[in-house]
>>> print(open('run.cif').read())   # mmCIF, C-alpha atoms and all ligand atoms
data_data
loop_
_atom_site.group_PDB
_atom_site.id
_atom_site.type_symbol
_atom_site.label_atom_id
_atom_site.label_comp_id
_atom_site.auth_asym_id
_atom_site.auth_seq_id
_atom_site.Cartn_x
_atom_site.Cartn_y
_atom_site.Cartn_z
ATOM 1 C CA MET A 1 -11.760 9.244 -37.153
ATOM 2 C CA SER A 2 -10.429 7.417 -34.151
ATOM 3 C CA PHE A 3 -7.910 4.679 -33.554
ATOM 4 C CA GLU A 4 -9.183 1.182 -32.936
ATOM 5 C CA LEU A 5 -7.912 -1.733 -30.909
ATOM 6 C CA PRO A 6 -6.860 -4.399 -33.432
ATOM 7 C CA GLU A 7 -8.350 -7.811 -32.750
ATOM 8 C CA LEU A 8 -5.993 -10.523 -31.590
ATOM 9 C CA PRO A 9 -5.105 -12.827 -34.505
ATOM 10 C CA TYR A 10 -6.066 -15.834 -32.296
ATOM 11 C CA SER A 11 -8.391 -16.549 -29.398
ATOM 12 C CA THR A 12 -7.397 -15.514 -25.877
ATOM 13 C CA ASP A 13 -6.835 -19.140 -24.836
ATOM 14 C CA ALA A 14 -4.773 -20.040 -27.921
ATOM 15 C CA LEU A 15 -1.313 -19.298 -26.500
ATOM 16 C CA ALA A 16 -1.759 -21.371 -23.339
ATOM 17 C CA PRO A 17 0.017 -22.846 -21.509
ATOM 18 C CA TRP A 18 2.861 -20.470 -22.380
ATOM 19 C CA ILE A 19 0.752 -17.309 -22.144
ATOM 20 C CA SER A 20 -2.543 -17.784 -20.329
ATOM 21 C CA LYS A 21 -6.012 -16.638 -21.278
ATOM 22 C CA GLU A 22 -5.991 -14.397 -18.197
ATOM 23 C CA THR A 23 -2.776 -12.701 -19.313
ATOM 24 C CA LEU A 24 -4.078 -12.146 -22.849
ATOM 25 C CA GLU A 25 -7.402 -10.816 -21.576
ATOM 26 C CA LEU A 26 -5.560 -8.295 -19.434
ATOM 27 C CA HIS A 27 -2.718 -7.557 -21.828
ATOM 28 C CA HIS A 28 -4.850 -7.073 -24.921
ATOM 29 C CA GLY A 29 -8.265 -6.294 -23.454
ATOM 30 C CA LYS A 30 -7.078 -3.867 -20.772
ATOM 31 C CA HIS A 31 -3.507 -2.642 -21.402
ATOM 32 C CA HIS A 32 -3.494 -2.510 -25.200
ATOM 33 C CA LYS A 33 -7.045 -1.107 -25.157
ATOM 34 C CA ALA A 34 -6.099 1.559 -22.618
ATOM 35 C CA TYR A 35 -3.360 2.869 -24.923
ATOM 36 C CA VAL A 36 -5.939 3.153 -27.720
ATOM 37 C CA ASP A 37 -8.468 4.914 -25.490
ATOM 38 C CA ASN A 38 -5.780 7.245 -24.129
ATOM 39 C CA LEU A 39 -4.541 8.186 -27.591
ATOM 40 C CA ASN A 40 -8.058 8.849 -28.840
ATOM 41 C CA GLY A 41 -8.596 11.191 -25.887
ATOM 42 C CA LEU A 42 -5.295 12.961 -26.490
ATOM 43 C CA VAL A 43 -5.739 13.573 -30.224
ATOM 44 C CA ALA A 44 -9.455 14.420 -30.196
ATOM 45 C CA GLY A 45 -10.013 17.750 -31.923
ATOM 46 C CA THR A 46 -6.378 18.063 -33.045
ATOM 47 C CA GLU A 47 -4.790 17.676 -36.471
ATOM 48 C CA LEU A 48 -3.341 14.346 -35.311
ATOM 49 C CA GLU A 49 -6.779 12.781 -35.633
ATOM 50 C CA SER A 50 -6.298 12.453 -39.374
ATOM 51 C CA LYS A 51 -2.769 11.019 -39.203
ATOM 52 C CA SER A 52 -1.864 7.370 -39.303
ATOM 53 C CA LEU A 53 -0.630 5.663 -36.168
ATOM 54 C CA GLU A 54 2.819 5.172 -37.715
ATOM 55 C CA GLU A 55 3.039 8.850 -38.623
ATOM 56 C CA ILE A 56 2.269 9.837 -35.048
ATOM 57 C CA VAL A 57 4.837 7.409 -33.655
ATOM 58 C CA ARG A 58 7.504 8.663 -36.055
ATOM 59 C CA THR A 59 6.870 12.379 -35.493
ATOM 60 C CA ALA A 60 5.474 12.931 -31.993
ATOM 61 C CA ALA A 61 7.616 14.680 -29.411
ATOM 62 C CA PRO A 62 8.398 12.749 -26.222
ATOM 63 C CA GLY A 63 5.312 12.685 -24.006
ATOM 64 C CA PRO A 64 1.903 11.076 -23.603
ATOM 65 C CA ILE A 65 0.926 11.143 -27.294
ATOM 66 C CA PHE A 66 4.127 9.383 -28.322
ATOM 67 C CA ASN A 67 3.940 6.948 -25.408
ATOM 68 C CA ASN A 68 0.400 5.813 -26.116
ATOM 69 C CA ALA A 69 0.777 5.717 -29.900
ATOM 70 C CA ALA A 70 4.042 3.762 -29.720
ATOM 71 C CA GLN A 71 2.592 1.333 -27.206
ATOM 72 C CA ILE A 72 -0.370 0.664 -29.519
ATOM 73 C CA TRP A 73 2.027 -0.035 -32.370
ATOM 74 C CA ASN A 74 4.448 -2.119 -30.275
ATOM 75 C CA HIS A 75 1.660 -4.289 -28.862
ATOM 76 C CA THR A 76 0.040 -4.931 -32.231
ATOM 77 C CA PHE A 77 3.459 -5.916 -33.563
ATOM 78 C CA TYR A 78 4.106 -8.187 -30.562
ATOM 79 C CA PHE A 79 0.753 -9.974 -30.688
ATOM 80 C CA GLU A 80 1.130 -10.468 -34.436
ATOM 81 C CA SER A 81 4.586 -11.993 -33.893
ATOM 82 C CA LEU A 82 3.036 -14.855 -31.953
ATOM 83 C CA SER A 83 0.900 -17.803 -32.936
ATOM 84 C CA PRO A 84 -0.305 -21.076 -31.430
ATOM 85 C CA ASN A 85 1.573 -24.149 -32.686
ATOM 86 C CA ALA A 86 4.504 -21.976 -33.722
ATOM 87 C CA GLY A 87 8.069 -21.883 -32.455
ATOM 88 C CA GLY A 88 10.881 -23.832 -34.049
ATOM 89 C CA GLU A 89 13.298 -22.055 -36.331
ATOM 90 C CA PRO A 90 13.096 -19.773 -39.344
ATOM 91 C CA SER A 91 13.935 -21.033 -42.809
ATOM 92 C CA GLY A 92 15.071 -19.517 -46.078
ATOM 93 C CA THR A 93 16.975 -16.264 -46.368
ATOM 94 C CA LEU A 94 16.271 -15.214 -42.799
ATOM 95 C CA ALA A 95 17.755 -18.443 -41.441
ATOM 96 C CA GLY A 96 20.902 -17.829 -43.471
ATOM 97 C CA ARG A 97 21.113 -14.222 -42.329
ATOM 98 C CA ILE A 98 20.756 -15.270 -38.667
ATOM 99 C CA ALA A 99 23.486 -17.874 -39.094
ATOM 100 C CA SER A 100 25.890 -15.416 -40.690
ATOM 101 C CA ASP A 101 25.183 -12.547 -38.258
ATOM 102 C CA PHE A 102 24.976 -14.505 -34.994
ATOM 103 C CA GLY A 103 26.854 -17.760 -35.681
ATOM 104 C CA SER A 104 23.834 -20.039 -35.344
ATOM 105 C CA PHE A 105 20.144 -19.938 -34.480
ATOM 106 C CA ALA A 106 20.997 -21.139 -30.964
ATOM 107 C CA ASP A 107 23.463 -18.272 -30.544
ATOM 108 C CA PHE A 108 20.901 -15.778 -31.822
ATOM 109 C CA ARG A 109 18.254 -17.121 -29.485
ATOM 110 C CA ALA A 110 20.583 -16.990 -26.482
ATOM 111 C CA LYS A 111 21.619 -13.423 -27.257
ATOM 112 C CA PHE A 112 18.037 -12.238 -27.800
ATOM 113 C CA SER A 113 16.924 -13.945 -24.571
ATOM 114 C CA GLU A 114 19.768 -12.333 -22.648
ATOM 115 C CA THR A 115 18.839 -8.911 -24.027
ATOM 116 C CA ALA A 116 15.189 -9.439 -23.065
ATOM 117 C CA VAL A 117 16.013 -10.660 -19.564
ATOM 118 C CA LYS A 118 18.532 -7.878 -18.916
ATOM 119 C CA THR A 119 16.372 -5.031 -20.216
ATOM 120 C CA PHE A 120 16.147 -2.826 -17.129
ATOM 121 C CA GLY A 121 12.597 -2.164 -15.970
ATOM 122 C CA ALA A 122 9.812 -1.965 -18.534
ATOM 123 C CA GLY A 123 10.679 -2.316 -22.189
ATOM 124 C CA TRP A 124 11.063 -4.442 -25.263
ATOM 125 C CA ALA A 125 13.666 -6.682 -26.918
ATOM 126 C CA TRP A 126 13.786 -6.534 -30.720
ATOM 127 C CA LEU A 127 15.309 -8.283 -33.679
ATOM 128 C CA VAL A 128 15.814 -5.626 -36.327
ATOM 129 C CA ARG A 129 17.159 -5.394 -39.824
ATOM 130 C CA LYS A 130 19.636 -2.572 -40.126
ATOM 131 C CA PRO A 131 19.869 -0.315 -43.194
ATOM 132 C CA ASP A 132 22.971 -2.231 -44.365
ATOM 133 C CA GLY A 133 20.927 -5.447 -44.360
ATOM 134 C CA THR A 134 22.499 -7.029 -41.312
ATOM 135 C CA LEU A 135 20.482 -8.133 -38.292
ATOM 136 C CA ALA A 136 20.821 -6.758 -34.780
ATOM 137 C CA ILE A 137 19.249 -7.270 -31.380
ATOM 138 C CA VAL A 138 18.253 -4.124 -29.518
ATOM 139 C CA SER A 139 16.503 -3.243 -26.301
ATOM 140 C CA THR A 140 14.178 -0.262 -25.851
ATOM 141 C CA SER A 141 12.764 1.253 -22.667
ATOM 142 C CA ASN A 142 9.132 1.932 -21.900
ATOM 143 C CA ALA A 143 7.357 2.839 -25.166
ATOM 144 C CA ALA A 144 10.499 3.404 -27.251
ATOM 145 C CA THR A 145 10.411 1.587 -30.586
ATOM 146 C CA PRO A 146 12.744 1.010 -33.547
ATOM 147 C CA LEU A 147 10.016 2.540 -35.709
ATOM 148 C CA THR A 148 11.398 6.008 -34.927
ATOM 149 C CA GLY A 149 14.792 5.109 -36.420
ATOM 150 C CA GLU A 150 16.168 3.502 -39.547
ATOM 151 C CA ASP A 151 16.012 -0.113 -38.437
ATOM 152 C CA ILE A 152 13.196 -2.363 -39.631
ATOM 153 C CA PRO A 153 11.672 -4.297 -36.726
ATOM 154 C CA LEU A 154 11.222 -8.027 -37.330
ATOM 155 C CA LEU A 155 10.395 -9.542 -33.935
ATOM 156 C CA THR A 156 9.753 -8.241 -30.441
ATOM 157 C CA CYS A 157 9.342 -9.585 -26.933
ATOM 158 C CA ASP A 158 7.391 -7.449 -24.472
ATOM 159 C CA VAL A 159 9.176 -7.500 -21.131
ATOM 160 C CA TRP A 160 6.903 -5.122 -19.267
ATOM 161 C CA GLU A 161 5.842 -6.943 -16.088
ATOM 162 C CA HIS A 162 2.204 -6.972 -17.249
ATOM 163 C CA ALA A 163 3.284 -9.317 -20.079
ATOM 164 C CA TYR A 164 4.325 -12.097 -17.701
ATOM 165 C CA TYR A 165 3.535 -11.417 -14.050
ATOM 166 C CA VAL A 166 0.226 -13.303 -13.974
ATOM 167 C CA ASP A 167 1.843 -16.445 -15.407
ATOM 168 C CA TYR A 168 5.441 -16.257 -14.243
ATOM 169 C CA ARG A 169 5.462 -13.754 -11.354
ATOM 170 C CA ASN A 170 8.990 -12.331 -11.167
ATOM 171 C CA ARG A 171 10.512 -15.082 -13.348
ATOM 172 C CA ARG A 172 11.063 -13.053 -16.506
ATOM 173 C CA ALA A 173 13.699 -15.490 -17.779
ATOM 174 C CA GLU A 174 11.145 -18.318 -17.753
ATOM 175 C CA TYR A 175 8.627 -16.216 -19.693
ATOM 176 C CA VAL A 176 11.291 -15.378 -22.285
ATOM 177 C CA GLU A 177 12.231 -19.071 -22.551
ATOM 178 C CA LYS A 178 8.587 -20.049 -23.209
ATOM 179 C CA PHE A 179 8.121 -17.107 -25.598
ATOM 180 C CA TRP A 180 10.151 -19.053 -28.172
ATOM 181 C CA ASN A 181 7.372 -21.676 -28.363
ATOM 182 C CA LEU A 182 5.091 -18.978 -29.765
ATOM 183 C CA VAL A 183 7.230 -17.093 -32.273
ATOM 184 C CA ASP A 184 5.604 -17.285 -35.707
ATOM 185 C CA TRP A 185 8.668 -17.518 -37.926
ATOM 186 C CA GLU A 186 6.613 -17.415 -41.097
ATOM 187 C CA LYS A 187 5.426 -13.971 -40.045
ATOM 188 C CA ILE A 188 8.950 -12.857 -39.161
ATOM 189 C CA GLU A 189 10.232 -14.137 -42.514
ATOM 190 C CA ASN A 190 7.562 -12.109 -44.302
ATOM 191 C CA ARG A 191 8.634 -8.988 -42.437
ATOM 192 C CA PHE A 192 12.238 -9.695 -43.373
ATOM 193 C CA GLY A 193 11.261 -9.948 -47.015
ATOM 194 C CA GLU A 194 13.482 -11.250 -49.750
HETATM 195 MN MN MN A 201 2.603 -5.025 -22.909
#
>>> encode(input="run.cif", output="C-alpha cells")
Amino acid sequence: MSFELPELPYSTDALAPWISKETLELHHGKHHKAYVDNLNGLVAGTELESKSLEEIVRTAAPGPIFNNAAQIWNHTFYFESLSPNAGGEPSGTLAGRIASDFGSFADFRAKFSETAVKTFGAGWAWLVRKPDGTLAIVSTSNAATPLTGEDIPLLTCDVWEHAYYVDYRNRRAEYVEKFWNLVDWEKIENRFGE
C-alpha cells in the first residue's frame, strides 16, 4: 500500500485570479506530490506502510517521516478549504461562535490575517476548535499541525512562500487578503459540526 496524492477538488485554473493556475500546478502538482513521493520512499518496507496518514502524523517522532506526512495532510486540508466562487461569511452556529469568541467576523478575519502575515518563515495559520468548544487562531511552523494536539482544525492558510510567491512575490499580506475570496465556509461549517 502506498499513499496517493489526492486530486484537487477543482481545476487548476479555478481559483484565478486570486491563486493562479501556475501556482496550483506547482503547489499541488510538484510540492504536494513531492511530500507524497517522499513519504512513500521513507515508509517503504516498514510497518508504517499499513498505517493511515493521520496515524503517522499523530505518532511520528520529529523528522522526515513526520514532516512529509504532516505536509501531505496540511496541504490536502488547505486545498479542501478553498473553492471558486466562495468567500463571504459563515452562517449558522459557526457564525455565532465566531461573533462570541472574536467580537465580529471582521475582527476574526483581521486577527487571522495578522497571524498569517506575522507567522515567521514557513508555516500555517489555523482556525481551530478547542476542546472546551471555543475557537482560537494559532500559527504553526514548517510542517507542524494542530492534528498532533487536542484542537480540531477548521481552516488553514498556507504561508510557505511557495503558496504565494509566483502570484504575489514577497507581498504575503496581499495573498492573505485575497485568500478570503476563496474560503469555502460551507466546508468549514461542516468541519465545525453542530
Ligand atoms: Mn504549501
>>> closest_atom_pairs(input="run.cif", of="chain A", to="ligand MN 201 (chain A)", cutoff="9 Å", atoms="only C-alpha atoms and all ligand atoms", output="Markdown table")
| residue | atom | partner | partner_atom | distance |
| --- | --- | --- | --- | --- |
| A:His27 | CA | A:MN201 | MN | 6.0 |
| A:His28 | CA | A:MN201 | MN | 8.0 |
| A:His31 | CA | A:MN201 | MN | 6.7 |
| A:His32 | CA | A:MN201 | MN | 7.0 |
| A:Gln71 | CA | A:MN201 | MN | 7.7 |
| A:Asn74 | CA | A:MN201 | MN | 8.1 |
| A:His75 | CA | A:MN201 | MN | 6.1 |
| A:Tyr78 | CA | A:MN201 | MN | 8.4 |
| A:Ala122 | CA | A:MN201 | MN | 9.0 |
| A:Gly123 | CA | A:MN201 | MN | 8.5 |
| A:Trp124 | CA | A:MN201 | MN | 8.8 |
| A:Asp158 | CA | A:MN201 | MN | 5.6 |
| A:Val159 | CA | A:MN201 | MN | 7.2 |
| A:Trp160 | CA | A:MN201 | MN | 5.6 |
| A:Glu161 | CA | A:MN201 | MN | 7.8 |
| A:His162 | CA | A:MN201 | MN | 6.0 |
| A:Ala163 | CA | A:MN201 | MN | 5.2 |
| A:Tyr164 | CA | A:MN201 | MN | 8.9 |
>>> closest_residue(input="run.cif", among="A:Trp18, A:Phe3, A:Arg172, A:Lys130", to="Ser50 (chain A)", atoms="only C-alpha atoms")
A:Phe3
>>> closest_residue(input="run.cif", among="A:Asn170, A:Thr145, A:Asn190, A:Ser2", to="Ser52 (chain A)", atoms="all atoms listed in the file")
A:Ser2
>>> closest_residue(input="run.cif", among="A:Val36, A:Cys157, A:Ala61, A:Leu15", to="Leu127 (chain A)", atoms="only C-alpha atoms")
A:Cys157
>>> atom_distance(input="run.cif", atom1="CA of Asp167 (chain A)", atom2="CA of Asn38 (chain A)")
26.4 Å
>>> resolve_selection(input="run.cif", expression="the PyMOL selection byres (((chain A and resi 70) around 12) and not hetatm)", output="ChimeraX atom specification")
/A:32,35-36,38-39,52-69,71-78,123-124,140-148
>>> residues_around(input="run.cif", residues="Pro153 (chain A)", least_positions_apart="2", cutoff="7 Å", atoms="all atoms listed in the file", output="list in words")
Trp126, Leu127, Val128, Arg129, Pro146, Asp151 and Leu155 of chain A
>>> atom_distance(input="run.cif", atom1="CA of Val176 (chain A)", atom2="CA of Ser113 (chain A)")
6.2 Å
>>> residues_around(input="run.cif", residues="Glu25 (chain A)", least_positions_apart="3", cutoff="12 Å", atoms="only C-alpha atoms", output="PyMOL selection string")
chain A and resi 7-8+10-15+19-22+28-33+162-163+166
>>> residues_around(input="run.cif", residues="region 84-88 of chain A", least_positions_apart="5", cutoff="7 Å", atoms="all atoms listed in the file", output="PDB file with C-alpha atoms, keeping the file's coordinate frame")
ATOM      1  CA  ALA A  14      -4.773 -20.040 -27.921  1.00  0.00           C
ATOM      2  CA  LEU A  15      -1.313 -19.298 -26.500  1.00  0.00           C
ATOM      3  CA  TRP A 180      10.151 -19.053 -28.172  1.00  0.00           C
ATOM      4  CA  ASN A 181       7.372 -21.676 -28.363  1.00  0.00           C
ATOM      5  CA  LEU A 182       5.091 -18.978 -29.765  1.00  0.00           C
ATOM      6  CA  VAL A 183       7.230 -17.093 -32.273  1.00  0.00           C
ATOM      7  CA  ASP A 184       5.604 -17.285 -35.707  1.00  0.00           C
TER       8      ASP A 184
END
>>> atom_distance(input="run.cif", atom1="CA of Leu5 (chain A)", atom2="CA of Phe79 (chain A)")
12.0 Å
>>> resolve_selection(input="run.cif", expression="the PyMOL selection byres (((chain A and resi 95) around 12) and not hetatm)", output="PDB file with C-alpha atoms, in the frame of the given file")
ATOM      1  CA  GLY A  88      10.881 -23.832 -34.049  1.00  0.00           C
ATOM      2  CA  GLU A  89      13.298 -22.055 -36.331  1.00  0.00           C
ATOM      3  CA  PRO A  90      13.096 -19.773 -39.344  1.00  0.00           C
ATOM      4  CA  SER A  91      13.935 -21.033 -42.809  1.00  0.00           C
ATOM      5  CA  GLY A  92      15.071 -19.517 -46.078  1.00  0.00           C
ATOM      6  CA  THR A  93      16.975 -16.264 -46.368  1.00  0.00           C
ATOM      7  CA  LEU A  94      16.271 -15.214 -42.799  1.00  0.00           C
ATOM      8  CA  GLY A  96      20.902 -17.829 -43.471  1.00  0.00           C
ATOM      9  CA  ARG A  97      21.113 -14.222 -42.329  1.00  0.00           C
ATOM     10  CA  ILE A  98      20.756 -15.270 -38.667  1.00  0.00           C
ATOM     11  CA  ALA A  99      23.486 -17.874 -39.094  1.00  0.00           C
ATOM     12  CA  SER A 100      25.890 -15.416 -40.690  1.00  0.00           C
ATOM     13  CA  ASP A 101      25.183 -12.547 -38.258  1.00  0.00           C
ATOM     14  CA  PHE A 102      24.976 -14.505 -34.994  1.00  0.00           C
ATOM     15  CA  GLY A 103      26.854 -17.760 -35.681  1.00  0.00           C
ATOM     16  CA  SER A 104      23.834 -20.039 -35.344  1.00  0.00           C
ATOM     17  CA  PHE A 105      20.144 -19.938 -34.480  1.00  0.00           C
ATOM     18  CA  ALA A 106      20.997 -21.139 -30.964  1.00  0.00           C
ATOM     19  CA  PHE A 108      20.901 -15.778 -31.822  1.00  0.00           C
ATOM     20  CA  LEU A 135      20.482  -8.133 -38.292  1.00  0.00           C
ATOM     21  CA  TRP A 185       8.668 -17.518 -37.926  1.00  0.00           C
ATOM     22  CA  GLU A 186       6.613 -17.415 -41.097  1.00  0.00           C
ATOM     23  CA  ILE A 188       8.950 -12.857 -39.161  1.00  0.00           C
ATOM     24  CA  GLU A 189      10.232 -14.137 -42.514  1.00  0.00           C
ATOM     25  CA  PHE A 192      12.238  -9.695 -43.373  1.00  0.00           C
ATOM     26  CA  GLU A 194      13.482 -11.250 -49.750  1.00  0.00           C
TER      27      GLU A 194
END
>>> closest_residue(input="run.cif", among="A:Lys118, A:Arg191, A:Asn40, A:Arg109", to="Glu80 (chain A)", atoms="only C-alpha atoms")
A:Arg191
>>> closest_residue(input="run.cif", among="A:Val138, A:Leu42, A:Leu82, A:Ala125", to="Lys187 (chain A)", atoms="all atoms listed in the file")
A:Leu82
>>> axis_aligned_box(input="run.cif", around="region 4-20 of chain A", padding_each_side="6 Å", output="lines of an AutoDock Vina configuration file")
center_x = -3.2
center_y = -10.8
center_z = -27.4
size_x = 24.0
size_y = 36.0
size_z = 26.2
